[in-house]
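Reproduced below: start-v2.tsv, with TSV, C-alpha atoms and all ligand atoms.
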chain	number	residue	atom	x	y	z
A	14	MET	CA	3.56	273.33	-2.45
A	15	LEU	CA	0.37	271.74	-3.85
A	16	PRO	CA	-1.64	269.33	-1.71
A	17	LEU	CA	-1.39	265.75	-3.00
A	18	LEU	CA	-4.87	264.44	-3.52
A	19	PRO	CA	-5.87	260.83	-4.22
A	20	GLY	CA	-6.61	261.80	-7.82
A	21	SER	CA	-3.16	263.32	-8.29
A	22	PRO	CA	-0.55	261.15	-10.05
A	23	LEU	CA	1.89	261.99	-7.20
A	24	PHE	CA	-0.34	260.63	-4.46
A	25	LEU	CA	1.32	257.58	-2.91
A	26	ARG	CA	-1.07	254.97	-1.65
A	27	PRO	CA	0.06	253.35	1.65
A	28	LEU	CA	1.26	249.79	1.02
A	29	LEU	CA	-0.02	248.62	4.41
A	30	PRO	CA	-3.59	248.61	5.66
A	31	ALA	CA	-4.44	251.62	7.84
A	32	ARG	CA	-4.36	249.63	11.13
A	33	ALA	CA	-0.74	248.57	10.56
A	34	TRP	CA	0.44	252.20	10.73
A	35	ALA	CA	-0.46	252.22	14.41
A	36	LEU	CA	2.03	249.44	15.30
A	37	PRO	CA	5.03	250.53	17.44
A	38	ALA	CA	8.01	251.56	15.34
A	39	ARG	CA	10.20	248.61	16.48
A	40	ALA	CA	12.53	247.22	13.88
A	41	LEU	CA	14.83	244.25	13.86
A	42	MET	CA	18.56	244.84	13.95
A	43	ASP	CA	21.00	242.59	12.19
A	44	LEU	CA	23.33	241.00	14.76
A	45	ARG	CA	26.46	242.48	13.20
A	46	GLU	CA	24.95	245.95	13.12
A	47	LEU	CA	23.89	245.51	16.76
A	48	VAL	CA	27.31	244.26	17.86
A	49	SER	CA	28.90	247.24	16.14
A	50	ALA	CA	26.53	249.58	18.04
A	51	LEU	CA	27.31	247.78	21.33
A	52	ASN	CA	31.04	248.15	20.67
A	53	ASP	CA	30.48	251.88	20.08
A	54	PHE	CA	28.59	252.13	23.39
A	55	ALA	CA	31.67	250.88	25.29
A	56	SER	CA	34.68	249.86	23.24
A	57	PRO	CA	36.01	246.35	24.00
A	58	SER	CA	39.46	248.01	23.89
A	59	LEU	CA	38.63	249.43	27.37
A	60	ALA	CA	38.55	245.88	28.80
A	61	GLU	CA	41.47	244.44	30.75
A	62	SER	CA	43.96	242.47	28.63
A	63	TRP	CA	43.16	239.20	30.49
A	64	ASP	CA	39.44	239.52	29.83
A	65	ASN	CA	37.29	237.80	27.18
A	66	VAL	CA	34.82	240.36	25.87
A	67	GLY	CA	32.74	241.05	22.77
A	68	LEU	CA	30.63	238.62	20.72
A	69	LEU	CA	31.30	235.15	22.16
A	70	VAL	CA	28.63	233.03	20.44
A	71	GLU	CA	27.32	233.83	16.96
A	72	PRO	CA	24.54	231.90	15.17
A	73	SER	CA	25.06	231.60	11.41
A	74	PRO	CA	24.32	234.88	9.58
A	75	PRO	CA	22.05	236.56	8.81
A	76	HIS	CA	20.74	236.80	12.37
A	77	ALA	CA	18.04	239.36	13.11
A	78	VAL	CA	17.64	240.54	16.72
A	79	ASN	CA	14.31	241.73	18.03
A	80	THR	CA	14.88	241.02	21.75
A	81	LEU	CA	18.12	241.78	23.59
A	82	PHE	CA	18.21	240.05	26.98
A	83	LEU	CA	20.41	241.51	29.77
A	84	THR	CA	21.85	239.44	32.60
A	85	ASN	CA	24.75	239.70	35.03
A	86	ASP	CA	25.51	235.96	35.01
A	87	LEU	CA	24.41	233.47	32.38
A	88	THR	CA	23.46	230.39	34.38
A	89	GLU	CA	21.41	227.54	32.91
A	90	GLU	CA	18.29	228.91	34.65
A	91	VAL	CA	18.88	232.31	33.05
A	92	MET	CA	19.44	230.66	29.65
A	93	GLU	CA	16.05	228.91	29.94
A	94	GLU	CA	14.44	232.26	30.74
A	95	ALA	CA	16.09	233.79	27.65
A	96	VAL	CA	14.75	230.88	25.54
A	97	GLN	CA	11.24	231.35	27.01
A	98	LYS	CA	11.35	235.07	26.27
A	99	LYS	CA	12.51	234.42	22.69
A	100	ALA	CA	15.73	236.44	22.99
A	101	GLU	CA	17.93	236.51	19.90
A	102	LEU	CA	20.92	238.02	21.74
A	103	ILE	CA	21.97	237.71	25.39
A	104	LEU	CA	24.19	240.42	26.85
A	105	SER	CA	25.85	238.72	29.82
A	106	TYR	CA	27.99	241.15	31.85
A	107	HIS	CA	30.27	238.31	33.01
A	108	PRO	CA	31.63	236.31	30.05
A	109	PRO	CA	30.12	232.80	30.19
A	110	ILE	CA	33.09	231.56	28.18
A	111	PHE	CA	36.34	232.50	29.87
A	112	ALA	CA	38.70	229.54	30.02
A	113	PRO	CA	39.12	228.11	26.49
A	114	LEU	CA	36.69	225.27	25.65
A	115	LYS	CA	38.32	222.17	24.21
A	116	ARG	CA	34.99	220.59	23.30
A	117	VAL	CA	31.32	221.54	23.15
A	118	THR	CA	29.33	218.64	24.59
A	119	TRP	CA	26.49	218.18	27.08
A	120	GLY	CA	29.10	217.32	29.74
A	121	THR	CA	29.57	220.63	31.62
A	122	TRP	CA	27.24	223.56	32.24
A	123	LYS	CA	29.41	226.04	30.31
A	124	GLU	CA	29.40	223.77	27.27
A	125	ARG	CA	25.64	223.23	27.60
A	126	LEU	CA	25.15	227.01	27.48
A	127	VAL	CA	26.88	227.14	24.10
A	128	VAL	CA	24.93	224.12	22.78
A	129	ARG	CA	21.63	225.56	23.95
A	130	ALA	CA	22.44	229.03	22.53
A	131	LEU	CA	23.35	227.73	19.09
A	132	GLU	CA	20.44	225.26	18.92
A	133	ARG	CA	18.05	228.09	19.76
A	134	ARG	CA	19.91	230.58	17.53
A	135	ILE	CA	20.78	232.93	20.41
A	136	GLY	CA	23.95	235.01	20.26
A	137	ILE	CA	25.96	235.84	23.40
A	138	TYR	CA	27.81	239.11	23.92
A	139	SER	CA	29.82	240.04	27.00
A	140	PRO	CA	31.21	243.51	27.85
A	141	HIS	CA	32.58	242.80	31.39
A	142	THR	CA	35.56	245.05	32.24
A	143	ALA	CA	34.81	247.36	29.29
A	144	TYR	CA	31.67	248.34	31.25
A	145	ASP	CA	33.74	248.63	34.47
A	146	ALA	CA	36.01	251.22	32.83
A	147	ALA	CA	33.39	253.14	30.84
A	148	PRO	CA	32.43	256.60	32.16
A	149	HIS	CA	28.75	255.59	32.07
A	150	GLY	CA	29.45	252.04	33.30
A	151	VAL	CA	29.10	249.81	36.35
A	152	ASN	CA	31.45	251.69	38.72
A	153	ASN	CA	29.84	254.98	37.84
A	154	TRP	CA	26.47	253.47	38.76
A	155	LEU	CA	27.87	252.02	42.02
A	156	ALA	CA	29.26	255.45	43.02
A	157	LYS	CA	25.68	256.77	43.06
A	158	ALA	CA	25.15	254.69	46.23
A	159	LEU	CA	27.28	257.19	48.17
A	160	GLY	CA	25.14	260.24	47.42
A	161	ALA	CA	26.47	263.54	46.08
A	162	CYS	CA	30.16	263.13	45.28
A	163	THR	CA	32.82	263.67	42.64
A	164	SER	CA	34.76	260.66	41.42
A	165	ILE	CA	37.90	259.84	39.47
A	166	PRO	CA	39.09	256.43	38.23
A	167	LEU	CA	41.58	254.67	40.53
A	168	HIS	CA	43.42	253.26	37.51
A	169	PRO	CA	42.77	255.52	34.52
A	170	SER	CA	42.49	254.00	31.04
A	171	THR	CA	44.73	255.19	28.25
A	172	ALA	CA	43.82	255.73	24.61
A	173	PRO	CA	44.27	252.34	22.93
A	174	SER	CA	46.26	253.27	19.81
A	175	TYR	CA	47.66	256.74	20.26
A	176	PRO	CA	49.99	258.31	19.30
A	177	ALA	CA	51.29	255.28	17.39
A	178	GLU	CA	52.65	251.80	17.82
A	179	GLY	CA	55.63	251.24	20.11
A	180	THR	CA	56.65	252.65	23.45
A	181	HIS	CA	59.58	254.78	22.25
A	182	ARG	CA	60.44	257.00	19.30
A	183	LEU	CA	64.06	257.22	18.21
A	184	GLU	CA	65.42	259.75	15.72
A	185	PHE	CA	68.95	260.23	14.43
A	186	CYS	CA	70.83	261.71	11.49
A	187	THR	CA	73.07	259.76	9.17
A	188	GLY	CA	75.14	260.64	6.13
A	189	THR	CA	73.47	259.73	2.86
A	190	GLU	CA	76.20	257.20	2.03
A	191	HIS	CA	75.31	255.10	5.11
A	192	LEU	CA	71.58	255.34	4.77
A	193	ASP	CA	70.71	252.15	2.85
A	194	ALA	CA	72.97	249.97	5.03
A	195	VAL	CA	71.54	251.43	8.24
A	196	LEU	CA	67.92	251.09	7.12
A	197	SER	CA	68.31	247.48	5.99
A	198	LYS	CA	69.80	246.52	9.38
A	199	ILE	CA	67.05	248.32	11.27
A	200	LYS	CA	64.38	246.61	9.17
A	201	ASP	CA	65.78	243.26	10.37
A	202	ILE	CA	64.98	244.22	13.99
A	203	GLN	CA	61.59	243.06	15.22
A	204	GLU	CA	59.08	245.44	16.88
A	205	VAL	CA	60.21	248.46	14.85
A	206	SER	CA	57.43	250.46	13.18
A	207	CYS	CA	56.71	253.81	11.54
A	208	LEU	CA	60.21	253.91	9.96
A	209	THR	CA	60.47	257.15	7.97
A	210	THR	CA	63.24	259.33	6.56
A	211	PHE	CA	63.44	262.97	5.63
A	212	PRO	CA	66.24	265.29	4.47
A	213	ALA	CA	68.16	267.25	7.09
A	214	ARG	CA	71.06	269.70	7.07
A	215	VAL	CA	73.61	269.18	9.86
A	216	GLU	CA	76.37	271.79	10.17
A	217	GLY	CA	75.98	272.68	6.50
A	218	GLU	CA	76.11	269.04	5.37
A	219	GLU	CA	73.26	267.19	3.59
A	220	GLN	CA	72.13	264.28	5.77
A	221	THR	CA	69.05	262.13	6.30
A	222	ARG	CA	67.06	262.12	9.52
A	223	VAL	CA	65.65	258.72	10.38
A	224	SER	CA	62.61	258.37	12.65
A	225	LEU	CA	61.20	255.12	14.01
A	226	ASN	CA	58.92	253.81	16.74
A	227	CYS	CA	59.88	250.69	18.66
A	228	SER	CA	59.41	248.63	21.78
A	229	GLN	CA	61.86	248.94	24.68
A	230	LYS	CA	63.54	245.70	23.62
A	231	ALA	CA	63.95	246.90	20.02
A	232	LEU	CA	65.23	250.26	21.28
A	233	LEU	CA	68.21	248.56	22.90
A	234	GLU	CA	68.97	246.73	19.64
A	235	VAL	CA	68.75	249.90	17.54
A	236	VAL	CA	70.96	251.85	19.96
A	237	ALA	CA	73.49	248.97	19.94
A	238	LEU	CA	73.47	249.00	16.14
A	239	LEU	CA	74.05	252.74	15.98
A	240	SER	CA	76.82	252.52	18.57
A	241	GLN	CA	78.60	249.79	16.62
A	242	ASN	CA	78.50	251.97	13.54
A	243	SER	CA	79.56	255.15	15.36
A	244	LEU	CA	76.30	256.69	14.34
A	245	LEU	CA	75.03	257.51	17.81
A	246	TYR	CA	75.90	261.17	18.36
A	247	HIS	CA	74.32	264.36	19.66
A	248	LYS	CA	71.63	264.45	17.02
A	249	THR	CA	70.12	261.23	18.34
A	250	GLU	CA	66.93	261.71	20.34
A	251	ILE	CA	64.88	259.15	22.23
A	252	LEU	CA	61.34	259.97	23.29
A	253	LEU	CA	59.08	257.96	25.58
A	254	LEU	CA	55.68	257.67	23.91
A	255	GLN	CA	52.96	258.13	26.48
A	256	LYS	CA	49.37	257.42	25.67
A	257	PRO	CA	46.95	260.11	26.86
A	258	LEU	CA	44.49	259.28	29.64
A	259	LEU	CA	40.84	258.90	28.67
A	260	PRO	CA	38.69	261.25	30.79
A	261	HIS	CA	36.47	259.64	33.49
A	262	THR	CA	37.47	256.17	32.21
A	263	GLY	CA	39.24	253.40	34.09
A	264	MET	CA	39.04	250.77	36.80
A	265	GLY	CA	37.54	251.56	40.22
A	266	ARG	CA	36.57	255.02	41.44
A	267	LEU	CA	37.88	257.28	44.21
A	268	CYS	CA	34.89	259.29	45.37
A	269	THR	CA	34.98	262.49	47.42
A	270	LEU	CA	31.65	263.18	49.07
A	271	SER	CA	30.41	266.75	48.87
A	272	GLU	CA	30.13	266.67	52.68
A	273	PRO	CA	31.22	264.08	55.26
A	274	VAL	CA	28.57	261.48	56.12
A	275	PRO	CA	28.60	259.11	59.17
A	276	LEU	CA	29.57	255.55	58.23
A	277	SER	CA	26.23	254.22	59.51
A	278	ASP	CA	24.36	256.57	57.12
A	279	ILE	CA	26.52	255.42	54.20
A	280	VAL	CA	25.55	251.82	55.01
A	281	GLU	CA	21.86	252.73	54.73
A	282	ARG	CA	22.42	254.58	51.43
A	283	ILE	CA	24.23	251.56	49.98
A	284	LYS	CA	21.48	249.15	51.10
A	285	GLN	CA	18.89	251.37	49.46
A	286	HIS	CA	20.79	251.81	46.18
A	287	LEU	CA	21.60	248.09	45.89
A	288	ARG	CA	18.20	247.03	47.27
A	289	LEU	CA	19.80	244.78	49.87
A	290	PRO	CA	18.54	243.99	53.38
A	291	HIS	CA	22.07	243.18	54.59
A	292	VAL	CA	25.68	244.10	53.87
A	293	ARG	CA	28.89	243.06	55.65
A	294	ILE	CA	30.95	245.75	57.35
A	295	ALA	CA	34.38	245.91	58.96
A	296	VAL	CA	34.93	249.17	60.88
A	297	GLY	CA	38.42	250.60	60.41
A	298	ARG	CA	40.82	250.71	63.37
A	299	GLY	CA	40.13	253.76	65.51
A	300	ARG	CA	36.80	254.42	63.75
A	301	THR	CA	33.20	253.92	64.89
A	302	PRO	CA	29.88	253.71	63.01
A	303	GLU	CA	29.54	257.45	63.70
A	304	SER	CA	32.92	258.32	62.15
A	305	PRO	CA	32.62	260.64	59.14
A	306	VAL	CA	33.28	259.28	55.65
A	307	LYS	CA	34.67	261.88	53.25
A	308	THR	CA	36.44	259.67	50.71
A	309	ALA	CA	35.43	256.21	49.49
A	310	ALA	CA	37.25	253.95	47.05
A	311	LEU	CA	35.01	251.48	45.25
A	312	CYS	CA	35.16	248.70	42.71
A	313	ALA	CA	32.23	246.61	41.54
A	314	GLY	CA	32.71	242.83	41.89
A	315	SER	CA	35.95	241.63	43.42
A	316	GLY	CA	37.88	244.79	44.25
A	317	SER	CA	40.99	243.81	46.23
A	318	SER	CA	43.58	244.29	43.48
A	319	VAL	CA	42.05	247.56	42.29
A	320	LEU	CA	41.59	249.06	45.79
A	321	LYS	CA	44.87	247.91	47.34
A	322	GLY	CA	47.04	250.77	48.60
A	323	THR	CA	44.38	253.45	48.05
A	324	LYS	CA	44.00	255.96	50.88
A	325	ALA	CA	40.32	256.44	51.73
A	326	ASP	CA	37.93	256.36	54.69
A	327	LEU	CA	35.99	253.48	53.14
A	328	TYR	CA	36.36	250.63	50.66
A	329	LEU	CA	33.15	249.49	48.93
A	330	THR	CA	33.18	246.32	46.84
A	331	GLY	CA	31.49	242.96	46.41
A	332	GLU	CA	34.10	240.67	47.92
A	333	MET	CA	37.59	240.82	49.45
A	334	SER	CA	39.78	238.17	51.04
A	335	HIS	CA	39.97	237.95	54.83
A	336	HIS	CA	43.59	239.11	54.83
A	337	ASP	CA	42.92	242.09	52.56
A	338	VAL	CA	40.09	243.14	54.91
A	339	LEU	CA	42.51	242.87	57.87
A	340	ASP	CA	45.05	245.06	56.04
A	341	ALA	CA	42.45	247.74	55.29
A	342	VAL	CA	41.07	247.76	58.84
A	343	ALA	CA	44.59	248.01	60.32
A	344	ASN	CA	45.10	251.12	58.18
A	345	GLY	CA	41.93	252.71	59.59
A	346	ILE	CA	39.89	252.02	56.46
A	347	SER	CA	36.37	250.66	56.92
A	348	VAL	CA	35.20	248.00	54.45
A	349	ILE	CA	31.69	247.31	53.16
A	350	LEU	CA	31.17	244.06	51.24
A	351	CYS	CA	27.87	243.32	49.47
A	352	GLU	CA	28.63	239.98	47.68
A	353	HIS	CA	30.19	240.01	44.24
A	354	SER	CA	27.35	240.42	41.78
A	355	ASN	CA	25.17	242.55	44.12
A	356	THR	CA	27.55	245.42	43.33
A	357	GLU	CA	27.02	244.90	39.58
A	358	ARG	CA	23.51	243.64	38.85
A	359	GLY	CA	21.57	246.85	39.61
A	360	PHE	CA	23.42	248.53	36.74
A	361	LEU	CA	21.39	246.47	34.25
A	362	SER	CA	18.23	248.52	34.83
A	363	GLU	CA	20.13	251.72	34.08
A	364	LEU	CA	21.77	249.98	31.10
A	365	ARG	CA	18.38	248.99	29.68
A	366	ASP	CA	17.42	252.67	29.47
A	367	THR	CA	20.74	254.08	28.22
A	368	LEU	CA	21.18	251.28	25.67
A	369	GLY	CA	17.60	251.82	24.49
A	370	ILE	CA	18.49	255.42	23.63
A	371	HIS	CA	21.83	254.43	22.08
A	372	LEU	CA	20.11	251.80	19.89
A	373	GLN	CA	17.32	254.25	19.02
A	374	ASN	CA	14.76	251.78	20.43
A	375	LYS	CA	15.31	249.51	17.44
A	376	VAL	CA	15.31	246.41	19.65
A	377	ASN	CA	13.27	245.31	22.64
A	378	ILE	CA	15.56	245.24	25.72
A	379	ILE	CA	14.61	243.17	28.76
A	380	VAL	CA	16.41	242.40	32.04
A	381	SER	CA	16.54	238.84	33.40
A	382	GLU	CA	14.26	238.08	36.34
A	383	THR	CA	15.98	234.85	37.38
A	384	ASP	CA	19.56	236.20	37.50
A	385	ARG	CA	20.69	236.64	41.14
A	386	ASP	CA	23.75	236.37	43.35
A	387	PRO	CA	24.22	232.70	44.32
A	388	LEU	CA	24.96	233.64	47.96
A	389	GLN	CA	22.11	234.51	50.29
A	390	VAL	CA	21.93	235.40	53.96
A	391	VAL	CA	19.64	232.95	55.78
B	401	ZN	ZN	32.20	240.68	38.51
Here is the file; what I need is its structure written in the form of structure tokens.
Amino acid sequence: MLPLLPGSPLFLRPLLPARAWALPARALMDLRELVSALNDFASPSLAESWDNVGLLVEPSPPHAVNTLFLTNDLTEEVMEEAVQKKAELILSYHPPIFAPLKRVTWGTWKERLVVRALERRIGIYSPHTAYDAAPHGVNNWLAKALGACTSIPLHPSTAPSYPAEGTHRLEFCTGTEHLDAVLSKIKDIQEVSCLTTFPARVEGEEQTRVSLNCSQKALLEVVALLSQNSLLYHKTEILLLQKPLLPHTGMGRLCTLSEPVPLSDIVERIKQHLRLPHVRIAVGRGRTPESPVKTAALCAGSGSSVLKGTKADLYLTGEMSHHDVLDAVANGISVILCEHSNTERGFLSELRDTLGIHLQNKVNIIVSETDRDPLQVV
């Protein structure tokens, strides 16, 4: 290969002055491209069905994002910080819009957040329980407080759209002369999908095998239809469609420590990991601060419903009701409570680094400095 010299017709002259080449290789990302990358990082389909995740506030396109601002809670103080720091997109772990808004006025703080965001052309994205379930998410980060351990989700997530729609598959054979009548009646039933036919030979006779997916409710209707038409016989098969579990993905974690650790030592590890001077502890019945902890069930935020019924030496979460704490203690389970968002917020520093790699450092990612748990020990 020949060297390209300035005199050569193939020499390309830089379009920018020499000094500009030294600027950091940051580039803007279009909001839609960024949202797509965020959805790839942790799919919104991992979120609980009751949740409100994804892009919640979108300024009119095109919207270029240079600064992505991370916060656990989007309060009005945090919004002002995002405005000061010229963020174009806020990633708020908790969704600032949850209950539907009937109006967008200056009347309530949630509405003012939306007004302020749109006036300042700031988008708002919330991952919430999608990040709880993700293998590299909030609960995974919280488990690191315990030290060396293995962990599995307490409530594993299933693949969102596999193997197909419906909860059941039903297959049966029918004589060719009945086929059109049967199919037209089945098509009238709601919640039937993937209806297909293929030729079959039954005891030397040409027949058609019909296959369909359906909900449990539709299954009863299809079976009733077949029974009425004397079509339900030994060649009918009903399969329960089970979605496969996603590895290391789901709500909460059951952690098994590589070796038992006294409860009092676990408390110190948690304080250090969460950078907290105080936590609340309820020692399980028959246990002491010196009792060994081998298994711990945890859930970032408000963990009662996720932890309930789990056998473990310790429950670790942000908040639990008085009566749920009494239940756990009566069952010999110690409980450590750290306040709701203190079990979530520290994840943002880890997220800044992992998201930076995922987004190929195309945007500037900063973590809020004003975001904090509203409860303090005084
Ligand atoms: Zn929470």
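With distances restricted to all atoms listed in the file, A:Arg300 is the closest residue to Ser347 of chain A from A:Lys198, A:Arg365, A:Arg300, A:His335.
Note that atom CA of Thr187 of chain A and atom CA of Arg222 of chain A are 6.5 Å apart.
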### Task
Set the cut-off to 10 Å, count all atoms listed in the file, and list whatever residues fall near ligand ZN 401 (chain B) as number ranges by chain.
A: 85-86, 106-108, 141-142, 145, 151, 312-316, 331-332, 352-358
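Considering the residues A:Arg293, A:Arg385, A:Arg288, A:Arg133 and counting all atoms listed in the file, Leu87 of chain A has its shortest atom-to-atom contact with A:Arg385.
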#### Entry: One-decimal distance in Å that lies between atom CA of Leu254 of chain A and atom CA of Ala146 of chain A
22.5 Å
### All residues 10 Å or closer to segment 88-97 of chain A, only C-alpha atoms, same chain fewer than 6 positions away omitted, as a count of residues only
23
### Message
One decimal, in Å: what's the spacing between atom CA of Pro212 of chain A and atom CA of Val235 of chain A?
### Response
20.3 Å
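With distances taken over all atoms listed in the file, A:Val342 is the one residue among A:Val342, A:Gln255, A:Trp119, A:Leu320 lying closest to Ala295 of chain A.
All protein, DNA and RNA residues at most 6 Å from (29.3, 262.0, 56.6) are Pro273, Val274, Pro275, Pro305 and Val306 of chain A, using only C-alpha atoms.
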Restricting the output to C-alpha atoms, write the selected residues as a CSV table (one decimal), in the frame of the given file.
chain,number,residue,atom,x,y,z
A,273,PRO,CA,31.2,264.1,55.3
A,274,VAL,CA,28.6,261.5,56.1
A,275,PRO,CA,28.6,259.1,59.2
A,305,PRO,CA,32.6,260.6,59.1
A,306,VAL,CA,33.3,259.3,55.6
Give, as JSON, the centre coordinates and the x, y and z edge lengths in Å to one decimal for an axis-aligned box around all listed atoms of segment 110-116 of chain A, padded by 3 Å on each side.
{"center_x": 36.1, "center_y": 226.5, "center_z": 26.7, "size_x": 12.0, "size_y": 17.9, "size_z": 12.7}
### Message
List as a list of chain:residue names the protein and nucleic acid residues near Val296 of chain A, meaning an atom at most 10 Å away when only C-alpha atoms are counted, but skip any in the same chain fewer than 3 places from it.
### Response
A:Leu276, A:Gly299, A:Arg300, A:Thr301, A:Pro302, A:Ser304, A:Asp326, A:Leu327, A:Val338, A:Ala341, A:Val342, A:Ala343, A:Gly345, A:Ile346, A:Ser347, A:Val348, A:Ile349
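Checking A:Leu159, A:Ala172, A:Ala77, A:Leu252 one by one against Ser228 of chain A, counting all atoms listed in the file, you find the shortest gap at A:Leu252.
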### Task
Compare A:Ser206, A:Asn79, A:Ser56, A:Asn65 by their minimum atom-to-atom distance to Asn377 of chain A, counting all atoms listed in the file, and give me the closest one.
A:Asn79
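Here the question is which of A:Ser73, A:Leu233, A:Thr189, A:Gly263 gets nearest to Ala60 of chain A using all atoms listed in the file, and that residue is A:Gly263.
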